[in-house]
$ cat start-v3.txt   # compact mmCIF, C-alpha atoms and all ligand atoms
# COMPACT_ATOMS: atom_id res chain seq x y z
CA MET A 125 17.93 -22.24 0.49
CA LYS A 126 17.06 -19.84 -2.27
CA ILE A 127 19.16 -16.79 -2.97
CA HIS A 128 18.27 -13.81 -5.12
CA GLU A 129 19.24 -13.43 -8.74
CA TYR A 130 21.70 -10.62 -7.99
CA GLN A 131 23.40 -12.75 -5.33
CA ALA A 132 23.57 -15.72 -7.70
CA LYS A 133 25.14 -13.48 -10.34
CA GLU A 134 27.80 -12.30 -7.90
CA ILE A 135 28.72 -15.94 -7.28
CA LEU A 136 28.82 -16.63 -11.01
CA ARG A 137 31.09 -13.66 -11.69
CA ALA A 138 33.47 -14.84 -8.96
CA HIS A 139 33.84 -18.10 -10.85
CA GLY A 140 34.36 -16.69 -14.29
CA ALA A 141 30.86 -17.02 -15.72
CA MET A 142 29.80 -13.91 -17.56
CA THR A 143 26.85 -11.81 -16.42
CA PRO A 144 25.57 -8.42 -17.57
CA ARG A 145 27.06 -5.38 -15.81
CA GLY A 146 24.86 -4.04 -13.06
CA ARG A 147 24.05 -3.82 -9.38
CA VAL A 148 21.19 -4.05 -6.95
CA ALA A 149 19.24 -0.96 -5.81
CA THR A 150 16.85 -0.39 -2.94
CA THR A 151 15.79 3.16 -3.83
CA PRO A 152 14.80 4.91 -7.09
CA ASP A 153 17.80 7.27 -6.71
CA GLU A 154 20.20 4.35 -6.49
CA ALA A 155 18.63 2.91 -9.63
CA PHE A 156 19.19 6.28 -11.31
CA GLU A 157 22.85 6.29 -10.22
CA ILE A 158 23.51 2.78 -11.46
CA ALA A 159 21.85 3.48 -14.80
CA THR A 160 23.93 6.67 -15.13
CA GLU A 161 27.11 4.71 -14.44
CA LEU A 162 26.19 2.05 -16.97
CA GLY A 163 25.37 4.70 -19.57
CA THR A 164 23.17 2.35 -21.59
CA ALA A 165 19.53 1.32 -21.69
CA VAL A 166 18.90 -0.79 -18.61
CA VAL A 167 16.65 -3.60 -17.50
CA ILE A 168 15.11 -3.28 -14.02
CA LYS A 169 14.41 -6.62 -12.40
CA ALA A 170 12.37 -7.28 -9.23
CA GLN A 171 14.36 -9.38 -6.76
CA VAL A 172 11.69 -11.65 -5.31
CA HIS A 173 11.55 -15.41 -5.05
CA VAL A 174 8.98 -16.10 -7.75
CA GLY A 175 9.32 -17.52 -11.24
CA GLY A 176 7.98 -15.86 -14.36
CA ARG A 177 8.71 -12.32 -13.24
CA GLY A 178 8.80 -11.23 -16.87
CA LYS A 179 5.14 -12.05 -17.45
CA ALA A 180 4.11 -10.70 -14.05
CA GLY A 181 5.57 -7.23 -14.76
CA GLY A 182 8.72 -7.66 -12.69
CA ILE A 183 11.15 -7.10 -15.60
CA LYS A 184 11.11 -3.73 -17.38
CA VAL A 185 13.43 -1.93 -19.77
CA GLY A 186 14.32 1.72 -19.20
CA HIS A 187 15.92 3.66 -22.02
CA ASP A 188 17.78 6.11 -19.83
CA ALA A 189 18.58 6.82 -16.19
CA ARG A 190 15.41 8.84 -15.64
CA ALA A 191 13.25 6.06 -16.99
CA ALA A 192 15.18 3.67 -14.73
CA ARG A 193 14.32 5.82 -11.73
CA ASP A 194 10.62 5.94 -12.64
CA ILE A 195 10.43 2.19 -13.20
CA ALA A 196 12.28 1.47 -9.94
CA GLU A 197 9.95 3.84 -8.12
CA ALA A 198 6.89 1.98 -9.37
CA MET A 199 8.41 -1.44 -8.76
CA LEU A 200 9.92 -0.95 -5.29
CA GLY A 201 7.32 -1.59 -2.63
CA SER A 202 4.88 -3.09 -5.10
CA ASP A 203 3.37 -6.52 -4.86
CA LEU A 204 4.60 -9.21 -7.24
CA LYS A 205 2.63 -12.44 -7.00
CA GLY A 206 2.07 -11.84 -3.30
CA LEU A 207 5.59 -10.72 -2.42
CA ILE A 208 6.69 -7.15 -1.76
CA VAL A 209 9.58 -5.99 -3.95
CA GLU A 210 12.31 -4.57 -1.72
CA LYS A 211 15.20 -4.64 -4.18
CA VAL A 212 15.64 -4.32 -7.89
CA LEU A 213 18.57 -5.36 -10.03
CA VAL A 214 19.61 -2.68 -12.52
CA GLU A 215 21.59 -4.10 -15.44
CA GLU A 216 22.65 -3.13 -18.91
CA ALA A 217 19.87 -4.19 -21.27
CA LEU A 218 20.88 -6.93 -23.64
CA ASP A 219 20.55 -7.02 -27.37
CA ILE A 220 19.26 -10.58 -27.46
CA ALA A 221 19.96 -12.76 -30.51
CA GLN A 222 19.34 -16.17 -28.94
CA GLU A 223 18.06 -17.57 -25.67
CA TYR A 224 19.38 -20.88 -24.39
CA TYR A 225 18.88 -22.89 -21.23
CA LEU A 226 21.66 -24.14 -18.98
CA GLY A 227 21.12 -25.98 -15.74
CA ILE A 228 22.85 -28.15 -13.20
CA VAL A 229 20.65 -29.98 -10.72
CA LEU A 230 21.10 -32.74 -8.23
CA ASP A 231 19.20 -35.59 -9.87
CA ARG A 232 18.26 -37.84 -6.98
CA ASN A 233 17.18 -40.64 -9.30
CA VAL A 234 20.68 -41.12 -10.66
CA ARG A 235 22.36 -39.68 -7.53
CA ARG A 236 24.46 -37.31 -9.59
CA HIS A 237 24.69 -33.65 -10.31
CA THR A 238 23.29 -33.50 -13.81
CA VAL A 239 23.94 -30.90 -16.50
CA MET A 240 21.19 -29.89 -18.88
CA VAL A 241 21.64 -27.83 -22.02
CA SER A 242 18.92 -26.72 -24.40
CA ALA A 243 18.62 -24.32 -27.29
CA GLU A 244 15.05 -23.63 -26.13
CA GLY A 245 15.69 -21.05 -23.45
CA GLY A 246 13.60 -18.22 -22.09
CA VAL A 247 10.60 -20.50 -21.67
CA ASP A 248 9.59 -22.83 -18.89
CA ILE A 249 12.02 -25.77 -19.12
CA GLU A 250 9.46 -28.19 -17.66
CA GLU A 251 7.30 -27.32 -20.63
CA VAL A 252 10.15 -28.13 -23.03
CA ALA A 253 10.78 -31.39 -21.18
CA ALA A 254 7.12 -32.37 -21.50
CA ARG A 255 6.70 -31.27 -25.11
CA SER A 256 10.01 -32.34 -26.63
CA ALA A 257 12.38 -33.98 -24.17
CA GLU A 258 14.89 -34.66 -26.97
CA LYS A 259 15.62 -30.92 -27.10
CA ILE A 260 17.35 -31.10 -23.73
CA ALA A 261 20.84 -32.63 -23.72
CA LYS A 262 21.59 -34.19 -20.35
CA LEU A 263 24.67 -35.57 -18.65
CA PRO A 264 25.01 -36.95 -15.12
CA ILE A 265 28.42 -35.90 -13.82
CA ASP A 266 30.71 -38.58 -12.45
CA PRO A 267 32.06 -37.02 -9.25
CA ARG A 268 35.46 -38.71 -9.75
CA MET A 269 35.86 -37.22 -13.22
CA GLY A 270 34.14 -33.88 -12.92
CA LEU A 271 32.93 -32.18 -16.07
CA ALA A 272 35.47 -32.45 -18.87
CA GLU A 273 35.84 -30.02 -21.76
CA PHE A 274 34.93 -32.66 -24.35
CA GLN A 275 31.73 -33.50 -22.45
CA MET A 276 30.69 -29.88 -22.36
CA ARG A 277 31.29 -29.55 -26.09
CA GLN A 278 29.33 -32.73 -26.75
CA LEU A 279 26.41 -31.41 -24.72
CA CYS A 280 26.41 -28.16 -26.68
CA TYR A 281 26.49 -30.06 -30.00
CA ASP A 282 23.74 -32.41 -28.85
CA ALA A 283 21.59 -29.44 -27.88
CA ALA A 284 22.26 -27.93 -31.31
CA LEU A 285 23.62 -24.63 -30.01
CA ASP A 286 24.95 -22.23 -32.63
CA ARG A 287 28.45 -23.57 -33.40
CA ARG A 288 29.97 -20.10 -33.33
CA VAL A 289 29.22 -19.72 -29.63
CA ILE A 290 30.08 -23.20 -28.39
CA THR A 291 33.49 -22.18 -27.04
CA SER A 292 31.94 -19.31 -25.07
CA ALA A 293 29.07 -21.48 -23.90
CA CYS A 294 31.55 -24.08 -22.62
CA LYS A 295 33.53 -21.43 -20.82
CA PHE A 296 30.32 -20.27 -19.18
CA LEU A 297 29.31 -23.81 -18.28
CA HIS A 298 32.71 -24.41 -16.74
CA GLY A 299 32.26 -21.31 -14.53
CA LEU A 300 28.73 -22.36 -13.66
CA TYR A 301 29.92 -25.80 -12.57
CA GLN A 302 32.73 -24.31 -10.47
CA ALA A 303 30.24 -21.97 -8.80
CA TYR A 304 27.81 -24.84 -8.24
CA LEU A 305 30.47 -26.90 -6.47
CA ALA A 306 31.91 -24.00 -4.51
CA VAL A 307 28.63 -23.09 -2.82
CA ASP A 308 27.28 -26.64 -2.43
CA ALA A 309 24.32 -25.90 -4.66
CA ASN A 310 21.67 -28.41 -5.55
CA LEU A 311 20.31 -26.30 -8.38
CA ALA A 312 21.86 -23.69 -10.65
CA GLU A 313 19.76 -22.60 -13.55
CA ILE A 314 20.44 -20.02 -16.24
CA ASN A 315 17.27 -19.32 -18.14
CA PRO A 316 17.88 -17.66 -20.43
CA LEU A 317 21.56 -17.87 -21.22
CA VAL A 318 21.68 -15.13 -23.81
CA VAL A 319 23.73 -14.86 -26.97
CA THR A 320 23.87 -11.16 -27.76
CA ALA A 321 23.80 -9.67 -31.22
CA GLY A 322 27.55 -9.17 -30.74
CA GLY A 323 28.02 -12.92 -30.16
CA GLU A 324 28.68 -12.73 -26.44
CA VAL A 325 27.31 -15.38 -24.09
CA THR A 326 25.97 -14.06 -20.80
CA ALA A 327 23.52 -14.96 -18.01
CA ALA A 328 20.37 -12.88 -18.42
CA ASP A 329 18.83 -14.69 -15.47
CA ALA A 330 20.34 -16.83 -12.70
CA LYS A 331 18.84 -19.03 -10.05
CA ILE A 332 20.93 -20.88 -7.48
CA ASN A 333 19.59 -22.97 -4.59
CA ILE A 334 22.01 -24.00 -1.87
CA ASP A 335 21.81 -27.37 -0.13
CA ASP A 336 20.51 -26.51 3.37
CA SER A 337 22.57 -29.27 4.94
CA ALA A 338 25.75 -27.58 3.66
CA LEU A 339 24.89 -24.08 4.87
CA TYR A 340 27.14 -24.43 7.90
CA ARG A 341 30.05 -24.36 5.46
CA HIS A 342 28.85 -21.06 4.02
CA PRO A 343 28.07 -18.71 6.88
CA LYS A 344 28.05 -15.68 4.58
CA ILE A 345 25.43 -17.23 2.35
CA ALA A 346 23.44 -18.45 5.36
CA ASP A 347 23.35 -14.84 6.56
CA LEU A 348 21.66 -13.81 3.33
CA ALA A 349 18.61 -15.84 4.37
CA GLU A 350 18.12 -13.50 7.30
CA GLU A 351 17.16 -10.66 5.05
CA SER A 352 14.85 -12.53 2.73
CA GLU A 353 13.03 -15.73 2.28
CA ALA A 354 12.13 -17.42 5.52
CA ASP A 355 9.28 -16.94 7.87
CA GLU A 356 10.34 -15.06 11.03
CA ILE A 357 9.46 -17.87 13.39
CA GLU A 358 11.19 -20.42 11.16
CA MET A 359 14.31 -18.24 11.33
CA GLU A 360 14.06 -18.07 15.10
CA ALA A 361 13.69 -21.87 15.18
CA HIS A 362 16.80 -22.15 13.02
CA ARG A 363 18.74 -19.94 15.47
CA ARG A 364 17.57 -22.14 18.35
CA GLY A 365 18.48 -25.30 16.43
CA ILE A 366 14.90 -26.55 16.41
CA GLN A 367 13.31 -28.34 13.45
CA TYR A 368 10.21 -26.25 12.85
CA VAL A 369 8.02 -25.61 9.85
CA ARG A 370 5.17 -23.13 9.93
CA LEU A 371 1.81 -24.36 8.68
CA ASP A 372 -1.43 -22.46 8.43
CA GLY A 373 -3.73 -24.10 10.97
CA ASP A 374 -4.43 -23.34 14.64
CA ILE A 375 -3.23 -26.44 16.52
CA GLY A 376 0.38 -26.34 17.65
CA VAL A 377 2.10 -29.71 17.35
CA LEU A 378 5.20 -30.98 19.15
CA GLY A 379 6.64 -34.44 18.78
CA ASN A 380 9.89 -36.36 18.64
CA GLY A 381 11.12 -37.76 15.35
CA ALA A 382 10.11 -36.38 11.96
CA GLY A 383 8.05 -39.47 11.12
CA LEU A 384 6.05 -39.31 14.33
CA VAL A 385 5.47 -35.58 13.94
CA MET A 386 4.21 -36.08 10.39
CA ALA A 387 1.92 -38.87 11.53
CA THR A 388 0.66 -36.55 14.27
CA LEU A 389 -0.11 -33.83 11.70
CA ASP A 390 -2.10 -36.42 9.75
CA GLU A 391 -4.02 -37.48 12.84
CA VAL A 392 -4.89 -33.89 13.70
CA LYS A 393 -6.12 -33.43 10.13
CA SER A 394 -8.18 -36.57 10.09
CA ALA A 395 -9.74 -35.58 13.41
CA GLY A 396 -10.96 -32.46 11.59
CA GLY A 397 -8.29 -30.03 12.85
CA ALA A 398 -5.57 -27.99 11.17
CA PRO A 399 -1.95 -28.05 12.45
CA ALA A 400 -0.23 -24.70 12.97
CA ASN A 401 3.26 -26.12 12.67
CA PHE A 402 5.60 -29.08 12.41
CA LEU A 403 8.04 -29.27 15.32
CA ASP A 404 10.44 -32.12 15.99
CA ILE A 405 12.32 -32.05 19.31
CA GLY A 406 14.47 -34.94 18.08
CA GLY A 407 15.88 -37.74 20.21
CA GLY A 408 16.94 -37.42 23.84
CA ALA A 409 15.43 -33.96 24.32
CA ARG A 410 15.82 -32.38 27.76
CA ALA A 411 13.27 -30.26 29.58
CA ASP A 412 14.79 -26.94 28.46
CA LEU A 413 14.49 -27.89 24.78
CA VAL A 414 10.82 -28.74 25.34
CA LEU A 415 10.33 -25.37 27.03
CA ASN A 416 12.11 -23.60 24.18
CA SER A 417 10.02 -25.48 21.62
CA LEU A 418 6.73 -24.66 23.29
CA ASP A 419 7.86 -21.05 23.39
CA LEU A 420 8.22 -21.16 19.59
CA ILE A 421 4.80 -22.70 19.20
CA MET A 422 3.31 -19.93 21.34
CA MET A 423 4.96 -17.36 19.03
CA THR A 424 3.05 -18.82 16.08
CA PRO A 425 0.08 -16.55 15.38
CA GLY A 426 -3.37 -18.05 15.77
CA VAL A 427 -2.47 -21.05 17.93
CA GLU A 428 -5.62 -22.13 19.83
CA GLY A 429 -4.38 -25.38 21.30
CA ILE A 430 -1.28 -27.59 21.58
CA PHE A 431 -0.85 -31.30 21.09
CA CYS A 432 2.36 -32.91 22.36
CA ASN A 433 2.94 -36.44 21.13
CA VAL A 434 6.07 -38.13 22.41
CA PHE A 435 7.26 -41.67 22.00
CA GLY A 436 9.95 -42.21 24.58
CA GLY A 437 12.96 -44.19 23.46
CA ILE A 438 16.16 -42.32 24.20
CA THR A 439 13.81 -39.44 24.95
CA ARG A 440 12.59 -39.75 28.54
CA CYS A 441 8.94 -39.04 29.22
CA ASP A 442 9.66 -37.52 32.63
CA GLU A 443 12.02 -34.96 31.05
CA VAL A 444 9.41 -34.03 28.48
CA ALA A 445 6.70 -33.77 31.13
CA GLN A 446 9.00 -31.57 33.21
CA GLY A 447 9.55 -29.27 30.22
CA ILE A 448 5.83 -29.06 29.56
CA ILE A 449 5.04 -28.13 33.16
CA GLU A 450 7.79 -25.51 33.20
CA ALA A 451 6.50 -24.07 29.94
CA ARG A 452 2.95 -23.84 31.25
CA THR A 453 4.04 -21.72 34.18
CA LYS A 454 6.91 -19.74 32.66
CA LEU A 455 5.12 -18.99 29.40
CA SER A 456 1.71 -18.81 31.10
CA ILE A 457 0.18 -20.91 28.36
CA SER A 458 -3.56 -20.43 28.51
CA VAL A 459 -4.64 -22.41 25.45
CA PRO A 460 -5.77 -26.03 25.93
CA MET A 461 -3.08 -28.65 25.84
CA VAL A 462 -3.22 -32.38 25.26
CA VAL A 463 -0.23 -34.60 25.94
CA ARG A 464 0.33 -38.14 24.87
CA LEU A 465 3.41 -39.78 26.34
CA THR A 466 4.48 -43.34 25.95
CA GLY A 467 7.68 -45.33 26.38
CA THR A 468 10.70 -44.72 28.61
CA ASN A 469 9.73 -43.44 32.10
CA GLU A 470 6.12 -43.13 31.04
CA GLN A 471 4.75 -43.58 34.56
CA ASP A 472 6.96 -40.82 35.97
CA GLY A 473 5.95 -38.54 33.13
CA ARG A 474 2.25 -39.13 33.64
CA HIS A 475 2.66 -38.58 37.33
CA ILE A 476 4.33 -35.21 36.80
CA LEU A 477 1.58 -34.17 34.40
CA ALA A 478 -1.22 -35.39 36.71
CA GLU A 479 0.20 -33.43 39.64
CA ALA A 480 -0.01 -30.29 37.55
CA GLY A 481 -3.49 -31.13 36.36
CA VAL A 482 -2.54 -31.96 32.77
CA VAL A 483 -4.34 -34.98 31.36
CA ALA A 484 -2.36 -37.41 29.26
CA ALA A 485 -4.12 -39.05 26.33
CA GLU A 486 -3.83 -42.80 25.90
CA SER A 487 -3.19 -42.83 22.17
CA MET A 488 -2.24 -40.51 19.34
CA GLN A 489 -5.74 -40.82 17.85
CA GLU A 490 -7.43 -40.05 21.12
CA GLY A 491 -5.10 -37.10 21.74
CA ALA A 492 -5.72 -35.66 18.29
CA ALA A 493 -9.48 -35.96 18.69
CA LYS A 494 -9.30 -34.34 22.12
CA ILE A 495 -7.28 -31.30 21.07
CA VAL A 496 -9.54 -30.73 18.09
CA GLU A 497 -12.56 -30.87 20.38
CA LEU A 498 -10.99 -28.53 22.94
CA THR A 499 -10.00 -25.89 20.39
CA ARG A 500 -13.35 -25.82 18.69
P1 LIG B 1 11.99 -14.50 -15.21
O1 LIG B 1 10.77 -14.14 -16.02
O2 LIG B 1 11.71 -14.34 -13.74
O3 LIG B 1 12.52 -15.86 -15.54
O4 LIG B 1 13.14 -13.41 -15.54
P2 LIG B 1 14.22 -13.35 -16.74
O5 LIG B 1 15.39 -12.65 -16.26
O6 LIG B 1 14.44 -14.70 -17.29
O7 LIG B 1 13.54 -12.41 -17.82
C1 LIG B 1 12.42 -12.80 -18.59
C2 LIG B 1 12.61 -12.46 -20.04
O8 LIG B 1 12.82 -11.08 -20.26
C3 LIG B 1 13.84 -13.11 -20.69
O9 LIG B 1 13.58 -14.43 -21.10
C4 LIG B 1 14.09 -12.22 -21.86
O10 LIG B 1 13.47 -12.73 -23.03
C5 LIG B 1 13.38 -10.88 -21.55
N1 LIG B 1 14.34 -9.77 -21.67
C6 LIG B 1 14.32 -8.80 -22.60
N2 LIG B 1 15.35 -7.95 -22.49
C7 LIG B 1 16.09 -8.39 -21.48
C8 LIG B 1 17.31 -7.94 -20.90
O11 LIG B 1 17.95 -6.97 -21.29
N3 LIG B 1 17.77 -8.63 -19.86
C9 LIG B 1 17.09 -9.71 -19.37
N4 LIG B 1 17.56 -10.34 -18.30
N5 LIG B 1 15.96 -10.17 -19.90
C10 LIG B 1 15.45 -9.52 -20.96
MN MN B 2 14.24 -16.66 -16.27
$ encode --input "start-v3.txt" --output "structure tokens"
Amino acid sequence: MKIHEYQAKEILRAHGAMTPRGRVATTPDEAFEIATELGTAVVIKAQVHVGGRGKAGGIKVGHDARAARDIAEAMLGSDLKGLIVEKVLVEEALDIAQEYYLGIVLDRNVRRHTVMVSAEGGVDIEEVAARSAEKIAKLPIDPRMGLAEFQMRQLCYDAALDRRVITSACKFLHGLYQAYLAVDANLAEINPLVVTAGGEVTAADAKINIDDSALYRHPKIADLAEESEADEIEMEAHRRGIQYVRLDGDIGVLGNGAGLVMATLDEVKSAGGAPANFLDIGGGARADLVLNSLDLIMMTPGVEGIFCNVFGGITRCDEVAQGIIEARTKLSISVPMVVRLTGTNEQDGRHILAEAGVVAAESMQEGAAKIVELTR
């Protein structure tokens, strides 16, 4: 899960990593107030989940509170790379002497949280990695040892940071690592980490992604998702505990097991159709979960047909069939539907479907071809 820069900075502050003074605003008047409080030139930053806001016009400097209000007025409600700006962060503008890069990411190749430090900050780090990988000092963290002071210093030396700021940079890195652990992040990136003309080290930018599988441990952070990021139907699916991903086609897909659902999406595609969603009812689903899932699919805009593909193992075909029949009446589903059921209690399932006039396809391929034909 992604969180906004201002939220990431709050987390950093709570763990002793320095950030510029400032707050988030949702109206031009609030921006004016914050800038007045700060009493300095300010930077106004669009809080949207896109990279490269600077180049896209989402980062602007205002020399006084009135300028801050004008900038916020123009920015709020505007479109930044396809997203509407609803909040701006108003911070004291920095007198930038140097821009570094600091990151901690879960490196799945080495199965460790890995720290990266580079003196080449403020630019795309992937670009640095491609152009001159030696400019990024890296260290996979041993979870038994954590990140020791001497390792942090070594990283800063290896990255050739200005020696005068190494102590402050290490202090920042320590806070960043504490924050990373505390929120179960899988990415925390400070680009740029700024050294000011006064020699202070502070996070000009901050990006933290939280491991979705750990969100249950952080209900407050999980709540933040409600107000931003996710698609409305995906959020509803999350509330219902259903694995659902919105896609942009017109054929609703329901299956059991992520692998089978993905294979079903492929089949629909190769039959010339376009799936509207991924939906996995999981193992051992009962009729009410099937009903609930079909309800979600029907909420997806533009659905012209539904393909249910179930391989019964612990999932019983008769339960699924029951759920489908209930859904058809309760949700008055009028779009064409193709069902392929195989495995446990297959005969019972087919019987239930046949009684209600729903035809079961013999194979996944046949079912995919049929739904594509029916929705055309
Ligand atoms: P991004 O473009 O979305 O990554 O947003 P950043 O917060 O990283 O800002 C982009 C660039 O704006 C930075 O790399 C800085 O070089 C520049 N910048 C200039 N003045 C300031 C300032 O006072 N604060 C911040 N955050 N960035 C500034
Ligand atoms: Mn940045």
$ closest_atom_pairs --input "start-v3.txt" --of "chain A" --to "ligand MN 2 (chain B)" --cutoff "12 Å" --atoms "all atoms listed in the file" --output "JSON lines"
{"residue": "A:Glu129", "atom": "CA", "partner": "B:MN2", "partner_atom": "MN", "distance": 9.6}
{"residue": "A:Lys169", "atom": "CA", "partner": "B:MN2", "partner_atom": "MN", "distance": 10.8}
{"residue": "A:Ala170", "atom": "CA", "partner": "B:MN2", "partner_atom": "MN", "distance": 11.9}
{"residue": "A:Gln171", "atom": "CA", "partner": "B:MN2", "partner_atom": "MN", "distance": 12.0}
{"residue": "A:His173", "atom": "CA", "partner": "B:MN2", "partner_atom": "MN", "distance": 11.6}
{"residue": "A:Val174", "atom": "CA", "partner": "B:MN2", "partner_atom": "MN", "distance": 10.0}
{"residue": "A:Gly175", "atom": "CA", "partner": "B:MN2", "partner_atom": "MN", "distance": 7.1}
{"residue": "A:Gly176", "atom": "CA", "partner": "B:MN2", "partner_atom": "MN", "distance": 6.6}
{"residue": "A:Arg177", "atom": "CA", "partner": "B:MN2", "partner_atom": "MN", "distance": 7.7}
{"residue": "A:Gly178", "atom": "CA", "partner": "B:MN2", "partner_atom": "MN", "distance": 7.7}
{"residue": "A:Lys179", "atom": "CA", "partner": "B:MN2", "partner_atom": "MN", "distance": 10.3}
{"residue": "A:Ala180", "atom": "CA", "partner": "B:MN2", "partner_atom": "MN", "distance": 12.0}
{"residue": "A:Gly182", "atom": "CA", "partner": "B:MN2", "partner_atom": "MN", "distance": 11.1}
{"residue": "A:Ile183", "atom": "CA", "partner": "B:MN2", "partner_atom": "MN", "distance": 10.1}
{"residue": "A:Glu223", "atom": "CA", "partner": "B:MN2", "partner_atom": "MN", "distance": 10.2}
{"residue": "A:Tyr224", "atom": "CA", "partner": "B:MN2", "partner_atom": "MN", "distance": 10.5}
{"residue": "A:Tyr225", "atom": "CA", "partner": "B:MN2", "partner_atom": "MN", "distance": 9.2}
{"residue": "A:Leu226", "atom": "CA", "partner": "B:MN2", "partner_atom": "MN", "distance": 10.9}
{"residue": "A:Gly227", "atom": "CA", "partner": "B:MN2", "partner_atom": "MN", "distance": 11.6}
{"residue": "A:Gly245", "atom": "CA", "partner": "B:MN2", "partner_atom": "MN", "distance": 8.5}
{"residue": "A:Gly246", "atom": "CA", "partner": "B:MN2", "partner_atom": "MN", "distance": 6.1}
{"residue": "A:Val247", "atom": "CA", "partner": "B:MN2", "partner_atom": "MN", "distance": 7.6}
{"residue": "A:Asp248", "atom": "CA", "partner": "B:MN2", "partner_atom": "MN", "distance": 8.2}
{"residue": "A:Ile249", "atom": "CA", "partner": "B:MN2", "partner_atom": "MN", "distance": 9.8}
{"residue": "A:Ala312", "atom": "CA", "partner": "B:MN2", "partner_atom": "MN", "distance": 11.8}
{"residue": "A:Glu313", "atom": "CA", "partner": "B:MN2", "partner_atom": "MN", "distance": 8.6}
{"residue": "A:Ile314", "atom": "CA", "partner": "B:MN2", "partner_atom": "MN", "distance": 7.1}
{"residue": "A:Asn315", "atom": "CA", "partner": "B:MN2", "partner_atom": "MN", "distance": 4.4}
{"residue": "A:Pro316", "atom": "CA", "partner": "B:MN2", "partner_atom": "MN", "distance": 5.6}
{"residue": "A:Leu317", "atom": "CA", "partner": "B:MN2", "partner_atom": "MN", "distance": 8.9}
{"residue": "A:Val318", "atom": "CA", "partner": "B:MN2", "partner_atom": "MN", "distance": 10.7}
{"residue": "A:Ala327", "atom": "CA", "partner": "B:MN2", "partner_atom": "MN", "distance": 9.6}
{"residue": "A:Ala328", "atom": "CA", "partner": "B:MN2", "partner_atom": "MN", "distance": 7.5}
{"residue": "A:Asp329", "atom": "CA", "partner": "B:MN2", "partner_atom": "MN", "distance": 5.1}
{"residue": "A:Ala330", "atom": "CA", "partner": "B:MN2", "partner_atom": "MN", "distance": 7.1}
{"residue": "A:Lys331", "atom": "CA", "partner": "B:MN2", "partner_atom": "MN", "distance": 8.1}
{"residue": "A:Ile332", "atom": "CA", "partner": "B:MN2", "partner_atom": "MN", "distance": 11.8}
$ residues_around --input "start-v3.txt" --residues "A:Gly299" --least-positions-apart "5" --cutoff "7 Å" --atoms "all atoms listed in the file" --output "ChimeraX atom specification"
/A:136,139-141
$ atom_distance --input "start-v3.txt" --atom1 "atom CA of A:Leu420" --atom2 "atom CA of A:Ile375"
13.0 Å
$ residues_around --input "start-v3.txt" --residues "A:Ala196" --least-positions-apart "2" --cutoff "8 Å" --atoms "only C-alpha atoms" --output "mmCIF file with C-alpha atoms, in the coordinates of the input"
data_model
loop_
_atom_site.group_PDB
_atom_site.id
_atom_site.type_symbol
_atom_site.label_atom_id
_atom_site.label_comp_id
_atom_site.auth_asym_id
_atom_site.auth_seq_id
_atom_site.Cartn_x
_atom_site.Cartn_y
_atom_site.Cartn_z
ATOM 1 C CA THR A 151 15.790 3.160 -3.830
ATOM 2 C CA PRO A 152 14.800 4.910 -7.090
ATOM 3 C CA ALA A 155 18.630 2.910 -9.630
ATOM 4 C CA ILE A 168 15.110 -3.280 -14.020
ATOM 5 C CA ALA A 192 15.180 3.670 -14.730
ATOM 6 C CA ARG A 193 14.320 5.820 -11.730
ATOM 7 C CA ASP A 194 10.620 5.940 -12.640
ATOM 8 C CA ALA A 198 6.890 1.980 -9.370
ATOM 9 C CA MET A 199 8.410 -1.440 -8.760
ATOM 10 C CA LEU A 200 9.920 -0.950 -5.290
ATOM 11 C CA VAL A 212 15.640 -4.320 -7.890
#
$ residues_around --input "start-v3.txt" --residues "A:Ala217" --least-positions-apart "6" --cutoff "6 Å" --atoms "all atoms listed in the file" --output "PyMOL selection string"
chain A and resi 165-167
$ write_last_selection --input "start-v3.txt" --atoms "C-alpha atoms" --output "compact mmCIF listing (two decimals), in the coordinates of the input"
# COMPACT_ATOMS: atom_id res chain seq x y z
CA ALA A 165 19.53 1.32 -21.69
CA VAL A 166 18.90 -0.79 -18.61
CA VAL A 167 16.65 -3.60 -17.50
$ closest_residue --input "start-v3.txt" --among "A:Asp153, A:Glu216, A:Asp412, A:Glu360" --to "ligand LIG 1 (chain B)" --atoms "only C-alpha atoms and all ligand atoms"
A:Glu216
$ atom_distance --input "start-v3.txt" --atom1 "atom CA of A:Arg464" --atom2 "atom CA of A:Gly365"
23.8 Å
$ atom_distance --input "start-v3.txt" --atom1 "atom CA of A:Asp219" --atom2 "atom C8 of ligand LIG 1 (chain B)"
7.3 Å
